[in-house]
Amino acid sequence: MTDAVQSAFDQTNFGTADWVIVIVYLLISLGIGIMVKRYAGSMVNYIGAGRKIGPWLGVATMTGTELGLVTVMYSAQKGFTGGFAAFHIALIAGVATLFVGLTGFIVGPLRRMRVLTIPEFYEKRFNRKIRILGGFLLVFAGVLNMGLFLKVGSMFIVGVTGMASDGEALKWVMVGLLLLVLIYTTLGGMISVILTDYVQFVVLSFGLLAGTWIAISKLGWGTIFQTVHDTLGPAGFDPTVSDGSFGWEYVCWMVITAGLIGSAVWPTAVSRALTMESEAAVKKQYCWSSISFTVRFLFPYFWGICALVFITSMPAGADLKELFFSVEEGVEPLSNLYAMPVFMGRLLPPILIGVITAGMIAAFMSTHDSYFLTWSSVITQDIVAPLWKRELSTKARVKITRICIVLMGGYVLYWSVFYKGREDIWDYMAVTGGIYFTGAFVVLMLGVYWKRTSSFGALLGLLSGLLMLLGLEPIQKAVGLKVLNGAGEWREILTSPQIGLITVSIALVLTIAGSLLKPDTRKEAE
């Protein structure tokens, strides 16, 4: 690390009192996991919280899960690079969630069937082989999807507290955060997840409002809008501008990913619907969650925009401009993921910065615990149990789920250190998640609403999702979908949104064609 970078990180308002606030909060979270351990004796309680969650707690816990620290970080990154044009993703997410709440699209039928996981639906609707395949693809995509969560969350802690941005500090923060999540998730399961999500929902809601108000007060609306215009031009406000950060193809891709997938298909959101006390409660939860699904994007986008304004136009951020927008030959700019946390470290006063940091760590934990629990329960319920020669006891299922959580923790730590792709984090997540959801969206939709959907069609549809691997930068370079131009810069032949739209189209065609060519001979499940 250069002296300039270390000096920039040292200028944070985060102090001893803030560390005390963070540590006390973490101890409370651990206490919750230990206290509820005795209630997590069955799989229904461990991964479904006994199916006794009401709509209001459901709204809070769904928001807590979906408003993770990685969400704040990748959204701030999009705001930093795309300006106000990034707001279209938030609008799409809110409208789609409201649509699901009003219609019960996909999640209503799943709740009526009383399944615990999406692959369980595959077996009831098709057969056990489709359940195992669906479970494998879901886990593969899901675990790959969360591979950078740990690193990104740790980068926030490093940036806001003023630790060194490379070397041993980042690694130790990753290890510490990971151990914390593993301990209380393996102990309490979904019950501890929901309780900590609720606390995080309250703390982080306050932090987002307070931080946004201070940012506006310090920078001023006029300066914010003018700087975005001067820096990004029309593309900073209009997402359809072709030479900007987005474009029409990207907007269409977001309708699928941030919209319908994020609310009706992505397992960590659907898992909350499956814990609700009734289908009516599910719809009510989604209707109210449409507000929080919009807000969870809007506020972090705005923080990223404010970081851009602070760094490019404010005297107090002049030293940062050279770091994030370095034009010196041979000097690589500092990762723009650090822009928002470094900005917040200088903007927020002591005590408040401790509260918001505690909320962000809680957001980090709420996302990790939900993802760990979701993927591990799928391994247990939808892969191991169907393949086991005899019936697995409840105790064995809970034990296997806990072991899987620990193993996934080891993978996440490894992937965070060694993955070398340079995609924006949000784009990385859309690509990796697409390995599962491009095919699953089609199979779920047709499986629920078209009785002629067959197991062969579902097989082809699910396997289509593997095409999304072509959206990862290292694979694109390996197969020639990303090439060097005359200036020595990497150029995409197919963008990740294009690959995603093509994959969904192929999955739809193959699922329908396979169902028509090879229909199921048995009576379709209701």
# chains A, B, ... in the order shown; residues from 1 in each chain; ligands from 1
$ residues_around --residues "Leu320 (chain A)" --least-positions-apart "4" --cutoff "8 Å" --atoms "only C-alpha atoms" --output "PyMOL selection string"
chain A and resi 8+311+324
$ write_last_selection --atoms "N, CA, C and O atoms" --output "PDB file, in the first residue's frame"
ATOM      1  N   ALA A   8      -5.064   8.458   3.192  1.00  0.00           N
ATOM      2  CA  ALA A   8      -6.478   8.669   2.861  1.00  0.00           C
ATOM      3  C   ALA A   8      -7.377   7.846   3.773  1.00  0.00           C
ATOM      4  O   ALA A   8      -8.418   8.320   4.243  1.00  0.00           O
ATOM      5  N   ILE A 311     -15.660  13.058  -3.947  1.00  0.00           N
ATOM      6  CA  ILE A 311     -14.311  12.796  -4.428  1.00  0.00           C
ATOM      7  C   ILE A 311     -13.931  13.694  -5.600  1.00  0.00           C
ATOM      8  O   ILE A 311     -12.778  14.132  -5.717  1.00  0.00           O
ATOM      9  N   PHE A 324      -8.690   7.293  -6.856  1.00  0.00           N
ATOM     10  CA  PHE A 324      -9.748   6.567  -7.550  1.00  0.00           C
ATOM     11  C   PHE A 324      -9.785   6.834  -9.053  1.00  0.00           C
ATOM     12  O   PHE A 324     -10.377   6.059  -9.805  1.00  0.00           O
TER      13      PHE A 324
END
$ atom_distance --atom1 "CA of Glu279 (chain A)" --atom2 "CA of Arg112 (chain A)"
6.7 Å
$ residues_around --residues "Phe302 (chain A)" --least-positions-apart "3" --cutoff "8 Å" --atoms "only C-alpha atoms" --output "ChimeraX atom specification"
/A:76,79,84,212,298-299,305-306
$ write_last_selection --atoms "all heavy atoms" --output "PDB file, in the first residue's frame"
ATOM      1  N   ALA A  76     -23.864   0.909  -4.108  1.00  0.00           N
ATOM      2  CA  ALA A  76     -23.056   2.128  -4.064  1.00  0.00           C
ATOM      3  C   ALA A  76     -22.085   2.172  -5.224  1.00  0.00           C
ATOM      4  O   ALA A  76     -21.837   3.234  -5.814  1.00  0.00           O
ATOM      5  CB  ALA A  76     -22.307   2.207  -2.739  1.00  0.00           C
ATOM      6  N   GLY A  79     -24.062   3.289  -8.180  1.00  0.00           N
ATOM      7  CA  GLY A  79     -24.309   4.721  -8.097  1.00  0.00           C
ATOM      8  C   GLY A  79     -23.068   5.527  -8.426  1.00  0.00           C
ATOM      9  O   GLY A  79     -23.136   6.565  -9.087  1.00  0.00           O
ATOM     10  N   PHE A  84     -27.501   8.761 -11.239  1.00  0.00           N
ATOM     11  CA  PHE A  84     -28.928   8.588 -10.974  1.00  0.00           C
ATOM     12  C   PHE A  84     -29.583   7.586 -11.924  1.00  0.00           C
ATOM     13  O   PHE A  84     -30.679   7.095 -11.648  1.00  0.00           O
ATOM     14  CB  PHE A  84     -29.641   9.944 -11.070  1.00  0.00           C
ATOM     15  CG  PHE A  84     -29.352  10.866  -9.921  1.00  0.00           C
ATOM     16  CD1 PHE A  84     -28.423  11.890 -10.058  1.00  0.00           C
ATOM     17  CD2 PHE A  84     -29.983  10.702  -8.704  1.00  0.00           C
ATOM     18  CE1 PHE A  84     -28.151  12.745  -8.997  1.00  0.00           C
ATOM     19  CE2 PHE A  84     -29.717  11.540  -7.638  1.00  0.00           C
ATOM     20  CZ  PHE A  84     -28.789  12.568  -7.778  1.00  0.00           C
ATOM     21  N   THR A 212     -28.055   9.522   4.937  1.00  0.00           N
ATOM     22  CA  THR A 212     -28.509  10.234   3.740  1.00  0.00           C
ATOM     23  C   THR A 212     -28.766  11.709   4.042  1.00  0.00           C
ATOM     24  O   THR A 212     -28.390  12.600   3.259  1.00  0.00           O
ATOM     25  CB  THR A 212     -29.788   9.580   3.189  1.00  0.00           C
ATOM     26  OG1 THR A 212     -29.506   8.207   2.874  1.00  0.00           O
ATOM     27  CG2 THR A 212     -30.282  10.288   1.945  1.00  0.00           C
ATOM     28  N   LEU A 298     -32.255   2.283  -3.504  1.00  0.00           N
ATOM     29  CA  LEU A 298     -32.177   3.731  -3.678  1.00  0.00           C
ATOM     30  C   LEU A 298     -31.142   4.383  -2.762  1.00  0.00           C
ATOM     31  O   LEU A 298     -30.321   5.191  -3.199  1.00  0.00           O
ATOM     32  CB  LEU A 298     -33.547   4.373  -3.443  1.00  0.00           C
ATOM     33  CG  LEU A 298     -34.575   4.253  -4.558  1.00  0.00           C
ATOM     34  CD1 LEU A 298     -35.875   4.947  -4.161  1.00  0.00           C
ATOM     35  CD2 LEU A 298     -34.049   4.846  -5.856  1.00  0.00           C
ATOM     36  N   PHE A 299     -31.204   4.067  -1.475  1.00  0.00           N
ATOM     37  CA  PHE A 299     -30.300   4.708  -0.526  1.00  0.00           C
ATOM     38  C   PHE A 299     -28.831   4.394  -0.826  1.00  0.00           C
ATOM     39  O   PHE A 299     -28.001   5.307  -0.879  1.00  0.00           O
ATOM     40  CB  PHE A 299     -30.660   4.333   0.904  1.00  0.00           C
ATOM     41  CG  PHE A 299     -31.807   5.125   1.465  1.00  0.00           C
ATOM     42  CD1 PHE A 299     -33.110   4.656   1.383  1.00  0.00           C
ATOM     43  CD2 PHE A 299     -31.591   6.359   2.061  1.00  0.00           C
ATOM     44  CE1 PHE A 299     -34.174   5.395   1.886  1.00  0.00           C
ATOM     45  CE2 PHE A 299     -32.638   7.098   2.577  1.00  0.00           C
ATOM     46  CZ  PHE A 299     -33.939   6.626   2.482  1.00  0.00           C
ATOM     47  N   ILE A 305     -23.471   7.867  -5.299  1.00  0.00           N
ATOM     48  CA  ILE A 305     -23.481   9.134  -6.027  1.00  0.00           C
ATOM     49  C   ILE A 305     -22.816  10.226  -5.196  1.00  0.00           C
ATOM     50  O   ILE A 305     -21.998  11.013  -5.696  1.00  0.00           O
ATOM     51  CB  ILE A 305     -24.924   9.534  -6.389  1.00  0.00           C
ATOM     52  CG1 ILE A 305     -25.502   8.555  -7.414  1.00  0.00           C
ATOM     53  CG2 ILE A 305     -24.981  10.960  -6.934  1.00  0.00           C
ATOM     54  CD1 ILE A 305     -26.994   8.708  -7.627  1.00  0.00           C
ATOM     55  N   CYS A 306     -23.155  10.268  -3.899  1.00  0.00           N
ATOM     56  CA  CYS A 306     -22.562  11.270  -3.015  1.00  0.00           C
ATOM     57  C   CYS A 306     -21.051  11.067  -2.879  1.00  0.00           C
ATOM     58  O   CYS A 306     -20.287  12.039  -2.770  1.00  0.00           O
ATOM     59  CB  CYS A 306     -23.231  11.229  -1.647  1.00  0.00           C
ATOM     60  SG  CYS A 306     -24.939  11.837  -1.643  1.00  0.00           S
TER      61      CYS A 306
END
$ closest_residue --among "A:Val309, A:Ile475, A:Phe237, A:Phe136" --to "His88 (chain A)" --atoms "only C-alpha atoms"
A:Phe237
$ residues_around --residues "Ala307 (chain A)" --least-positions-apart "4" --cutoff "7 Å" --atoms "only C-alpha atoms" --output "NGL selection string"
:A and (80 or 303 or 311 or 339-340 or 343)
$ closest_residue --among "A:Leu460, A:Leu337, A:Met146, A:Val412" --to "Ser515 (chain A)" --atoms "only C-alpha atoms"
A:Leu460
$ atom_distance --atom1 "CA of Leu444 (chain A)" --atom2 "CA of Phe105 (chain A)"
10.3 Å
$ residues_around --residues "Ser290 (chain A)" --least-positions-apart "3" --cutoff "6 Å" --atoms "only C-alpha atoms" --output "VMD selection string"
chain A and resid 94 97 to 98 287 293
$ write_last_selection --atoms "N, CA, C and O atoms" --output "compact mmCIF listing (two decimals), in the first residue's frame"
# COMPACT_ATOMS: atom_id res chain seq x y z
N GLY A 94 -39.04 -2.68 -7.05
CA GLY A 94 -40.24 -2.37 -6.29
C GLY A 94 -41.52 -2.74 -7.02
O GLY A 94 -42.44 -3.34 -6.43
N THR A 97 -41.95 -6.60 -7.16
CA THR A 97 -42.33 -7.17 -5.87
C THR A 97 -43.79 -6.88 -5.56
O THR A 97 -44.51 -7.75 -5.03
N LEU A 98 -44.26 -5.69 -5.90
CA LEU A 98 -45.68 -5.37 -5.73
C LEU A 98 -46.55 -6.27 -6.60
O LEU A 98 -47.60 -6.76 -6.17
N CYS A 287 -46.48 -7.23 -0.77
CA CYS A 287 -46.99 -5.89 -1.10
C CYS A 287 -46.25 -4.82 -0.31
O CYS A 287 -45.82 -3.80 -0.86
N PHE A 293 -38.00 -3.09 -0.89
CA PHE A 293 -37.16 -3.57 -1.99
C PHE A 293 -36.68 -2.41 -2.85
O PHE A 293 -35.59 -2.45 -3.41
$ closest_residue --among "A:His229, A:Arg296, A:Arg125, A:Arg111" --to "Met73 (chain A)" --atoms "only C-alpha atoms"
A:Arg296
$ closest_residue --among "A:Ala362, A:Leu209, A:Val139, A:Val158" --to "Thr380 (chain A)" --atoms "only C-alpha atoms"
A:Val139
$ atom_distance --atom1 "CA of Ala358 (chain A)" --atom2 "CA of Lys151 (chain A)"
17.3 Å
$ residues_around --residues "region 516-522 of chain A" --least-positions-apart "6" --cutoff "9 Å" --atoms "only C-alpha atoms" --output "ChimeraX atom specification"
/A:126,452-457
$ write_last_selection --atoms "N, CA, C and O atoms" --output "PDB file, in the first residue's frame"
ATOM      1  N   PHE A 126     -42.657 -32.924 -10.850  1.00  0.00           N
ATOM      2  CA  PHE A 126     -42.047 -33.750 -11.889  1.00  0.00           C
ATOM      3  C   PHE A 126     -41.609 -35.099 -11.313  1.00  0.00           C
ATOM      4  O   PHE A 126     -42.401 -36.028 -11.257  1.00  0.00           O
ATOM      5  N   ARG A 452     -48.960 -28.991 -19.076  1.00  0.00           N
ATOM      6  CA  ARG A 452     -48.276 -29.895 -20.003  1.00  0.00           C
ATOM      7  C   ARG A 452     -46.758 -29.883 -19.830  1.00  0.00           C
ATOM      8  O   ARG A 452     -46.057 -30.621 -20.502  1.00  0.00           O
ATOM      9  N   THR A 453     -46.252 -29.051 -18.950  1.00  0.00           N
ATOM     10  CA  THR A 453     -44.806 -29.038 -18.701  1.00  0.00           C
ATOM     11  C   THR A 453     -44.368 -30.412 -18.197  1.00  0.00           C
ATOM     12  O   THR A 453     -44.922 -30.936 -17.231  1.00  0.00           O
ATOM     13  N   SER A 454     -43.405 -31.006 -18.849  1.00  0.00           N
ATOM     14  CA  SER A 454     -42.980 -32.363 -18.508  1.00  0.00           C
ATOM     15  C   SER A 454     -41.621 -32.363 -17.834  1.00  0.00           C
ATOM     16  O   SER A 454     -40.888 -31.365 -17.841  1.00  0.00           O
ATOM     17  N   SER A 455     -41.261 -33.512 -17.286  1.00  0.00           N
ATOM     18  CA  SER A 455     -39.975 -33.644 -16.608  1.00  0.00           C
ATOM     19  C   SER A 455     -38.823 -33.501 -17.607  1.00  0.00           C
ATOM     20  O   SER A 455     -37.770 -32.943 -17.275  1.00  0.00           O
ATOM     21  N   PHE A 456     -39.004 -33.969 -18.840  1.00  0.00           N
ATOM     22  CA  PHE A 456     -37.954 -33.821 -19.851  1.00  0.00           C
ATOM     23  C   PHE A 456     -37.774 -32.346 -20.218  1.00  0.00           C
ATOM     24  O   PHE A 456     -36.651 -31.870 -20.364  1.00  0.00           O
ATOM     25  N   GLY A 457     -38.875 -31.635 -20.355  1.00  0.00           N
ATOM     26  CA  GLY A 457     -38.792 -30.205 -20.617  1.00  0.00           C
ATOM     27  C   GLY A 457     -38.113 -29.478 -19.477  1.00  0.00           C
ATOM     28  O   GLY A 457     -37.288 -28.572 -19.697  1.00  0.00           O
TER      29      GLY A 457
END
$ select_by_dssp --residues "region 157-315 of chain A" --states "helix (DSSP H, G or I)" --output "PyMOL selection string"
chain A and resi 157-161+168-219+221-236+248-265+267-273+279-313+315
$ decode --residues "region 376-420 of chain A" --atoms "N, CA and C atoms" --output "short mmCIF file (atom, residue, chain, number, x, y, z; two decimals), in the first residue's frame"
data_model
loop_
_atom_site.label_atom_id
_atom_site.label_comp_id
_atom_site.auth_asym_id
_atom_site.auth_seq_id
_atom_site.Cartn_x
_atom_site.Cartn_y
_atom_site.Cartn_z
N SER A 376 -27.39 -24.77 2.34
CA SER A 376 -27.12 -26.01 3.09
C SER A 376 -28.38 -26.85 3.25
N SER A 377 -29.52 -26.20 3.46
CA SER A 377 -30.77 -26.96 3.59
C SER A 377 -31.16 -27.61 2.27
N VAL A 378 -30.85 -26.96 1.16
CA VAL A 378 -31.11 -27.57 -0.15
C VAL A 378 -30.24 -28.81 -0.33
N ILE A 379 -28.96 -28.72 0.07
CA ILE A 379 -28.09 -29.89 -0.02
C ILE A 379 -28.67 -31.05 0.79
N THR A 380 -29.11 -30.74 2.01
CA THR A 380 -29.64 -31.79 2.89
C THR A 380 -30.97 -32.35 2.38
N GLN A 381 -31.91 -31.44 2.11
CA GLN A 381 -33.27 -31.86 1.77
C GLN A 381 -33.43 -32.37 0.34
N ASP A 382 -32.65 -31.81 -0.57
CA ASP A 382 -32.92 -32.05 -1.99
C ASP A 382 -31.83 -32.82 -2.72
N ILE A 383 -30.69 -33.04 -2.08
CA ILE A 383 -29.64 -33.83 -2.71
C ILE A 383 -29.29 -35.05 -1.87
N VAL A 384 -28.87 -34.82 -0.62
CA VAL A 384 -28.45 -35.92 0.23
C VAL A 384 -29.62 -36.84 0.59
N ALA A 385 -30.71 -36.28 1.11
CA ALA A 385 -31.84 -37.10 1.55
C ALA A 385 -32.44 -37.94 0.41
N PRO A 386 -32.69 -37.38 -0.78
CA PRO A 386 -33.22 -38.22 -1.87
C PRO A 386 -32.26 -39.32 -2.33
N LEU A 387 -30.95 -39.08 -2.20
CA LEU A 387 -29.97 -40.07 -2.63
C LEU A 387 -29.64 -41.10 -1.55
N TRP A 388 -30.02 -40.80 -0.30
CA TRP A 388 -29.70 -41.70 0.82
C TRP A 388 -30.53 -42.97 0.72
N LYS A 389 -29.94 -44.09 1.05
CA LYS A 389 -30.62 -45.37 0.88
C LYS A 389 -31.73 -45.59 1.90
N ARG A 390 -31.65 -44.93 3.03
CA ARG A 390 -32.69 -45.07 4.04
C ARG A 390 -33.11 -43.69 4.54
N GLU A 391 -34.20 -43.66 5.27
CA GLU A 391 -34.74 -42.38 5.75
C GLU A 391 -33.78 -41.72 6.73
N LEU A 392 -33.51 -40.44 6.49
CA LEU A 392 -32.64 -39.69 7.38
C LEU A 392 -33.45 -39.18 8.57
N SER A 393 -32.90 -39.33 9.76
CA SER A 393 -33.57 -38.82 10.95
C SER A 393 -33.49 -37.30 10.98
N THR A 394 -34.34 -36.69 11.79
CA THR A 394 -34.32 -35.24 11.94
C THR A 394 -32.96 -34.77 12.47
N LYS A 395 -32.45 -35.50 13.44
CA LYS A 395 -31.15 -35.14 14.02
C LYS A 395 -30.06 -35.19 12.97
N ALA A 396 -30.09 -36.21 12.10
CA ALA A 396 -29.07 -36.34 11.06
C ALA A 396 -29.20 -35.21 10.04
N ARG A 397 -30.42 -34.82 9.70
CA ARG A 397 -30.62 -33.74 8.73
C ARG A 397 -30.08 -32.41 9.26
N VAL A 398 -30.38 -32.12 10.52
CA VAL A 398 -29.88 -30.87 11.10
C VAL A 398 -28.35 -30.89 11.17
N LYS A 399 -27.79 -32.05 11.51
CA LYS A 399 -26.33 -32.17 11.60
C LYS A 399 -25.68 -31.97 10.24
N ILE A 400 -26.23 -32.59 9.20
CA ILE A 400 -25.69 -32.43 7.84
C ILE A 400 -25.77 -30.98 7.40
N THR A 401 -26.91 -30.34 7.71
CA THR A 401 -27.08 -28.93 7.34
C THR A 401 -26.02 -28.07 7.99
N ARG A 402 -25.74 -28.31 9.26
CA ARG A 402 -24.73 -27.54 9.97
C ARG A 402 -23.33 -27.77 9.40
N ILE A 403 -23.03 -29.02 9.05
CA ILE A 403 -21.72 -29.32 8.46
C ILE A 403 -21.56 -28.59 7.12
N CYS A 404 -22.64 -28.59 6.33
CA CYS A 404 -22.59 -27.92 5.03
C CYS A 404 -22.35 -26.41 5.19
N ILE A 405 -22.94 -25.83 6.23
CA ILE A 405 -22.73 -24.40 6.48
C ILE A 405 -21.25 -24.11 6.72
N VAL A 406 -20.61 -24.94 7.51
CA VAL A 406 -19.19 -24.74 7.81
C VAL A 406 -18.34 -24.92 6.55
N LEU A 407 -18.64 -25.95 5.76
CA LEU A 407 -17.89 -26.19 4.53
C LEU A 407 -18.05 -25.04 3.54
N MET A 408 -19.24 -24.50 3.43
CA MET A 408 -19.46 -23.37 2.54
C MET A 408 -18.71 -22.14 3.03
N GLY A 409 -18.59 -22.00 4.33
CA GLY A 409 -17.81 -20.90 4.88
C GLY A 409 -16.36 -20.96 4.42
N GLY A 410 -15.79 -22.18 4.41
CA GLY A 410 -14.43 -22.35 3.94
C GLY A 410 -14.28 -21.99 2.47
N TYR A 411 -15.29 -22.39 1.66
CA TYR A 411 -15.25 -22.04 0.24
C TYR A 411 -15.29 -20.53 0.04
N VAL A 412 -16.20 -19.86 0.74
CA VAL A 412 -16.36 -18.42 0.57
C VAL A 412 -15.06 -17.69 0.89
N LEU A 413 -14.38 -18.13 1.93
CA LEU A 413 -13.10 -17.52 2.29
C LEU A 413 -12.08 -17.74 1.17
N TYR A 414 -12.02 -18.94 0.66
CA TYR A 414 -11.07 -19.26 -0.43
C TYR A 414 -11.38 -18.43 -1.67
N TRP A 415 -12.64 -18.39 -2.09
CA TRP A 415 -13.02 -17.70 -3.33
C TRP A 415 -12.78 -16.19 -3.22
N SER A 416 -13.04 -15.64 -2.04
CA SER A 416 -12.84 -14.21 -1.84
C SER A 416 -11.38 -13.81 -2.03
N VAL A 417 -10.48 -14.72 -1.72
CA VAL A 417 -9.05 -14.42 -1.81
C VAL A 417 -8.52 -14.63 -3.22
N PHE A 418 -9.03 -15.64 -3.94
CA PHE A 418 -8.37 -16.05 -5.17
C PHE A 418 -9.10 -15.69 -6.46
N TYR A 419 -10.39 -15.31 -6.42
CA TYR A 419 -11.07 -14.96 -7.67
C TYR A 419 -10.52 -13.65 -8.23
N LYS A 420 -10.21 -13.63 -9.53
CA LYS A 420 -9.53 -12.48 -10.15
C LYS A 420 -10.38 -11.72 -11.16
#
